[in-house]
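What follows is a short report on a single structure.
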Amino acid sequence: MEKLQSEDLAAPRTVDDGNRGQIHLIGSSSAIDAVLQLIARVAPTEATVLVCGESGSGKELVARSIHDLSARRSGPFVAINCGAVPPTLVESELFGHGKGSFTGAVGTHRGLIERAEGGTLFLDEITEMPLDLQVRLLRFLETRSFYRVGGREELRADLRVIAATNRNPGQAVRDGQLREDLLYRLAVFPIDVPPLRAREGDAALLGRHFLDRLNRAHGTDKRFSAAASATLRAHTWPGNVRELRNAVERAYILCDEIVELEPETMPSNGVASQAELRIPIGTRLADVERSLIEATLGHFMGNKRRAAEVLGCSLKTLYNKLAAYQRADAPAAV
């Protein structure tokens, strides 16, 4: 197995495989080290991988790391959040469509499967994919052939598939949200990403990484106070790495040379155990709306239809907003 290089634990690691492939994860805990070892094991293979973990724990970074350490690293890494695209559009987005296949289809559209040729296709929130489309995906995984929507020509694609979910996949099968046969096909090599609260010491490393990145981007030299460093270690970070990153960025903006990170000023992550949402005075309206949407989704365990009902908006509106958040959070191209 490739040797992990970890001289700077507050920076993405590399793997000494002759090409210095990158692992996009930061940490020194035994919990994350176990994940890194699994990544290094599975990356050189063609196995389909199912990444499981809470929202904000870094599942897409795991997928990107597998891609970057694989023989497909020179090919594209193409990602889709199955929960952020309206159900009526997921099939066309994934498989593409032919000209005239439906109203508005004025030309041929290459889907994500075609665009991922030679590389890796990452299917996030796989349990949000409509069941009828899961059947088509299963057939593609078994045959590597497919048809565009409205098309008659059978096409083939050479790519690797990595899927992810923030749900318990077995429970998703029992709840009728995930086909059992598709689960078996996806979970050839499952990887569980631990929540940040289970990664002892990693919050401090991540906080330093995010602050260093902000300093480099803006030409500043801000640093955490002793109290902020203690908060990084003590807070449970129920929103995981995403919550920590947002908290550091907010504190960086609010503070001058010394960055304070007080718990009462940190944004709520909206996990299911929370019954209320605390919004600091001065928060931008767009950020308030996003926090409310994410908190409501967390409260209803990702049930978008129920969340939309409570929020008083249409399901389509909720999907559109989640898609916008996904685009805003998308990591920079490798």
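For the structure tokens, the naming scheme is as follows: chains receive sequential letters (A, B, ...) according to their order of presentation, residues are indexed from 1 within each chain, and ligands are indexed from 1 in presentation order.
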
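These are the residues of stretch 67-284 of chain A assigned strand (DSSP E) by DSSP from backbone coordinates: Phe77, Val78, Ala79, Ile80, Asn81, Thr120, Leu121, Phe122, Leu123, Asp124, Ser145, Phe146, Leu155, Arg156, Arg160, Val161, Ile162, Ala163, Ala164, Thr165, Phe189, Pro190, Ile191, Asp192, Arg223, Phe224, Ile258 and Val259 of chain A.
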
Just the residues within 10 Å of stretch 126-132 of chain A, please, counting only C-alpha atoms, with nothing from its chain fewer than 3 positions along; format it as a PDB file with N, CA and C atoms, in the first residue's frame.
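What landed in result-v1.pdb:
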```pdb
ATOM      1  N   LEU A  50     -19.029   3.303  -1.546  1.00  0.00           N
ATOM      2  CA  LEU A  50     -20.140   4.019  -0.901  1.00  0.00           C
ATOM      3  C   LEU A  50     -19.593   4.694   0.345  1.00  0.00           C
ATOM      4  N   ILE A  80     -22.613  15.230  -8.634  1.00  0.00           N
ATOM      5  CA  ILE A  80     -24.000  15.674  -8.619  1.00  0.00           C
ATOM      6  C   ILE A  80     -24.584  15.372  -7.249  1.00  0.00           C
ATOM      7  N   ASN A  81     -25.295  16.345  -6.695  1.00  0.00           N
ATOM      8  CA  ASN A  81     -26.029  16.137  -5.459  1.00  0.00           C
ATOM      9  C   ASN A  81     -27.446  15.741  -5.842  1.00  0.00           C
ATOM     10  N   CYS A  82     -27.770  14.481  -5.656  1.00  0.00           N
ATOM     11  CA  CYS A  82     -29.070  13.973  -6.097  1.00  0.00           C
ATOM     12  C   CYS A  82     -30.219  14.624  -5.348  1.00  0.00           C
ATOM     13  N   GLY A  83     -29.942  15.207  -4.184  1.00  0.00           N
ATOM     14  CA  GLY A  83     -30.991  15.854  -3.426  1.00  0.00           C
ATOM     15  C   GLY A  83     -31.172  17.313  -3.761  1.00  0.00           C
ATOM     16  N   ALA A  84     -30.258  17.871  -4.544  1.00  0.00           N
ATOM     17  CA  ALA A  84     -30.325  19.295  -4.866  1.00  0.00           C
ATOM     18  C   ALA A  84     -30.888  19.554  -6.254  1.00  0.00           C
ATOM     19  N   VAL A  85     -31.145  18.496  -7.010  1.00  0.00           N
ATOM     20  CA  VAL A  85     -31.703  18.628  -8.355  1.00  0.00           C
ATOM     21  C   VAL A  85     -33.150  18.159  -8.325  1.00  0.00           C
ATOM     22  N   PRO A  86     -34.078  18.923  -8.867  1.00  0.00           N
ATOM     23  CA  PRO A  86     -35.482  18.488  -8.881  1.00  0.00           C
ATOM     24  C   PRO A  86     -35.615  17.091  -9.471  1.00  0.00           C
ATOM     25  N   PRO A  87     -36.449  16.242  -8.868  1.00  0.00           N
ATOM     26  CA  PRO A  87     -36.580  14.857  -9.335  1.00  0.00           C
ATOM     27  C   PRO A  87     -36.861  14.735 -10.828  1.00  0.00           C
ATOM     28  N   THR A  88     -37.602  15.691 -11.394  1.00  0.00           N
ATOM     29  CA  THR A  88     -37.943  15.621 -12.811  1.00  0.00           C
ATOM     30  C   THR A  88     -36.747  15.886 -13.722  1.00  0.00           C
ATOM     31  N   VAL A  90     -33.377  15.033 -12.709  1.00  0.00           N
ATOM     32  CA  VAL A  90     -32.217  14.208 -12.375  1.00  0.00           C
ATOM     33  C   VAL A  90     -31.860  13.263 -13.511  1.00  0.00           C
ATOM     34  N   GLU A  91     -32.866  12.628 -14.127  1.00  0.00           N
ATOM     35  CA  GLU A  91     -32.593  11.661 -15.189  1.00  0.00           C
ATOM     36  C   GLU A  91     -31.884  12.310 -16.356  1.00  0.00           C
ATOM     37  N   PHE A 122     -19.331  11.162  -9.060  1.00  0.00           N
ATOM     38  CA  PHE A 122     -19.667  11.153  -7.639  1.00  0.00           C
ATOM     39  C   PHE A 122     -21.141  11.468  -7.469  1.00  0.00           C
ATOM     40  N   LEU A 123     -21.884  10.530  -6.899  1.00  0.00           N
ATOM     41  CA  LEU A 123     -23.323  10.672  -6.681  1.00  0.00           C
ATOM     42  C   LEU A 123     -23.577  10.930  -5.201  1.00  0.00           C
ATOM     43  N   VAL A 135     -33.268   2.250 -10.728  1.00  0.00           N
ATOM     44  CA  VAL A 135     -33.263   1.065 -11.590  1.00  0.00           C
ATOM     45  C   VAL A 135     -32.361   1.293 -12.795  1.00  0.00           C
ATOM     46  N   ARG A 136     -32.473   2.467 -13.415  1.00  0.00           N
ATOM     47  CA  ARG A 136     -31.629   2.788 -14.567  1.00  0.00           C
ATOM     48  C   ARG A 136     -30.170   2.858 -14.171  1.00  0.00           C
ATOM     49  N   LEU A 137     -29.891   3.423 -12.999  1.00  0.00           N
ATOM     50  CA  LEU A 137     -28.509   3.510 -12.537  1.00  0.00           C
ATOM     51  C   LEU A 137     -27.939   2.115 -12.306  1.00  0.00           C
ATOM     52  N   ILE A 162     -18.617   6.604  -7.469  1.00  0.00           N
ATOM     53  CA  ILE A 162     -18.551   6.699  -6.014  1.00  0.00           C
ATOM     54  C   ILE A 162     -19.844   7.371  -5.566  1.00  0.00           C
ATOM     55  N   ALA A 163     -20.519   6.787  -4.589  1.00  0.00           N
ATOM     56  CA  ALA A 163     -21.768   7.352  -4.079  1.00  0.00           C
ATOM     57  C   ALA A 163     -21.597   7.712  -2.610  1.00  0.00           C
ATOM     58  N   ALA A 164     -22.494   8.549  -2.117  1.00  0.00           N
ATOM     59  CA  ALA A 164     -22.420   8.963  -0.711  1.00  0.00           C
ATOM     60  C   ALA A 164     -23.816   9.182  -0.164  1.00  0.00           C
ATOM     61  N   THR A 165     -23.937   9.038   1.141  1.00  0.00           N
ATOM     62  CA  THR A 165     -25.210   9.303   1.807  1.00  0.00           C
ATOM     63  C   THR A 165     -24.953   9.721   3.246  1.00  0.00           C
ATOM     64  N   ASN A 166     -25.816  10.606   3.758  1.00  0.00           N
ATOM     65  CA  ASN A 166     -25.723  10.978   5.169  1.00  0.00           C
ATOM     66  C   ASN A 166     -26.718  10.174   6.001  1.00  0.00           C
ATOM     67  N   ARG A 167     -27.336   9.172   5.388  1.00  0.00           N
ATOM     68  CA  ARG A 167     -28.267   8.304   6.088  1.00  0.00           C
ATOM     69  C   ARG A 167     -27.630   6.940   6.345  1.00  0.00           C
ATOM     70  N   ASN A 168     -28.244   6.184   7.247  1.00  0.00           N
ATOM     71  CA  ASN A 168     -27.862   4.789   7.403  1.00  0.00           C
ATOM     72  C   ASN A 168     -28.412   4.043   6.193  1.00  0.00           C
ATOM     73  N   PRO A 169     -27.548   3.487   5.339  1.00  0.00           N
ATOM     74  CA  PRO A 169     -28.052   2.893   4.097  1.00  0.00           C
ATOM     75  C   PRO A 169     -29.015   1.731   4.330  1.00  0.00           C
ATOM     76  N   ALA A 172     -32.266   3.202   5.087  1.00  0.00           N
ATOM     77  CA  ALA A 172     -32.838   3.777   3.870  1.00  0.00           C
ATOM     78  C   ALA A 172     -33.506   2.694   3.025  1.00  0.00           C
ATOM     79  N   VAL A 173     -32.922   1.497   3.006  1.00  0.00           N
ATOM     80  CA  VAL A 173     -33.543   0.381   2.291  1.00  0.00           C
ATOM     81  C   VAL A 173     -34.862   0.006   2.960  1.00  0.00           C
ATOM     82  N   GLY A 176     -37.659   2.316   2.229  1.00  0.00           N
ATOM     83  CA  GLY A 176     -38.073   2.395   0.836  1.00  0.00           C
ATOM     84  C   GLY A 176     -37.447   3.532   0.064  1.00  0.00           C
ATOM     85  N   GLN A 177     -36.329   4.079   0.546  1.00  0.00           N
ATOM     86  CA  GLN A 177     -35.661   5.194  -0.133  1.00  0.00           C
ATOM     87  C   GLN A 177     -34.484   4.745  -0.982  1.00  0.00           C
ATOM     88  N   LEU A 178     -34.041   3.522  -0.791  1.00  0.00           N
ATOM     89  CA  LEU A 178     -32.896   3.008  -1.541  1.00  0.00           C
ATOM     90  C   LEU A 178     -33.155   1.549  -1.878  1.00  0.00           C
ATOM     91  N   ARG A 179     -32.996   1.200  -3.148  1.00  0.00           N
ATOM     92  CA  ARG A 179     -33.168  -0.187  -3.570  1.00  0.00           C
ATOM     93  C   ARG A 179     -32.067  -1.055  -2.966  1.00  0.00           C
ATOM     94  N   LEU A 183     -27.938  -0.871  -3.391  1.00  0.00           N
ATOM     95  CA  LEU A 183     -27.029  -0.754  -2.252  1.00  0.00           C
ATOM     96  C   LEU A 183     -25.911  -1.769  -2.357  1.00  0.00           C
ATOM     97  N   LEU A 186     -23.476  -0.670  -5.021  1.00  0.00           N
ATOM     98  CA  LEU A 186     -22.683   0.515  -4.701  1.00  0.00           C
ATOM     99  C   LEU A 186     -21.669   0.248  -3.591  1.00  0.00           C
ATOM    100  N   GLY A 302     -33.458  15.348   6.888  1.00  0.00           N
ATOM    101  CA  GLY A 302     -33.282  15.418   5.445  1.00  0.00           C
ATOM    102  C   GLY A 302     -34.541  15.264   4.623  1.00  0.00           C
ATOM    103  N   ASN A 303     -35.706  15.160   5.261  1.00  0.00           N
ATOM    104  CA  ASN A 303     -36.969  15.018   4.530  1.00  0.00           C
ATOM    105  C   ASN A 303     -37.336  16.364   3.903  1.00  0.00           C
ATOM    106  N   LYS A 304     -37.054  16.512   2.618  1.00  0.00           N
ATOM    107  CA  LYS A 304     -37.220  17.796   1.946  1.00  0.00           C
ATOM    108  C   LYS A 304     -38.688  18.195   1.808  1.00  0.00           C
TER     109      LYS A 304
END
```

Shell of 6 Å around stretch 256-259 of chain A, only C-alpha atoms, local chain residues under 3 positions omitted, as a list in words: Lys222, Arg223, Phe224 and Ser225 of chain A

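Atom CA of A:Val49 lies 9.2 Å from atom CA of A:Arg185.
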
A:Arg73 surroundings by only C-alpha atoms, 12 Å radius, close-in-sequence under 3 positions cut, as a list in words: Asn19, Arg20, Gly21, Gln22, Ala43, Pro44, Ala63, Arg64, Ser65, Ile66, His67, Asp68, Leu69, Ser70, Pro76, Phe77, Val78, Ala116, Glu117, Gly118, Gly119, Thr120, Leu159, Arg160 and Val334 of chain A

Apply DSSP to the structure's backbone, then extract all residues of stretch 79-261 of chain A labelled helix (DSSP H, G or I) and return them as number ranges by chain. A: 87-95, 112-115, 126-128, 131-143, 169-174, 180-186, 196-198, 202-218, 226-234, 240-254

For stretch 198-297 of chain A against stretch 27-34 of chain A, with a cut-off of 10 Å and counting only C-alpha atoms, what is the closest atom pair and its distance in Å to one decimal for every residue that makes the cut, ordered by chain and number, as CSV?
```
residue,atom,partner,partner_atom,distance
A:Ala198,CA,A:Ala31,CA,7.0
A:Arg199,CA,A:Ser29,CA,5.4
A:Glu200,CA,A:Ser29,CA,5.6
A:Gly201,CA,A:Ser29,CA,6.5
A:Asp202,CA,A:Gly27,CA,4.9
A:Ala203,CA,A:Gly27,CA,8.1
A:Ala204,CA,A:Gly27,CA,9.1
A:Leu205,CA,A:Gly27,CA,6.4
A:Leu206,CA,A:Gly27,CA,7.2
```

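Between atom CA of A:Val51 and atom CA of A:Asp192 lies a distance of 5.9 Å.
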
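Proximity of A:Val248, A:Ala307, A:Val241, A:Val35 to A:Ser229, computed with only C-alpha atoms, is greatest for A:Val248.
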
With distances taken over only C-alpha atoms, which residue among A:His235, A:Arg216, A:Arg156, A:Arg110 lies nearest A:Arg139? A:Arg156

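Here atom CA of A:Tyr325 is placed at a distance of 8.1 Å from atom CA of A:Arg290.
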
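Considering only C-alpha atoms, the residue among A:Ile279, A:Val62, A:Val161, A:Leu89 positioned nearest to A:Val188 is A:Val161.
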
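With distances restricted to only C-alpha atoms, A:Gln326 is the closest residue to A:Asp124 from A:Phe140, A:Gln326, A:Pro238, A:Leu315.
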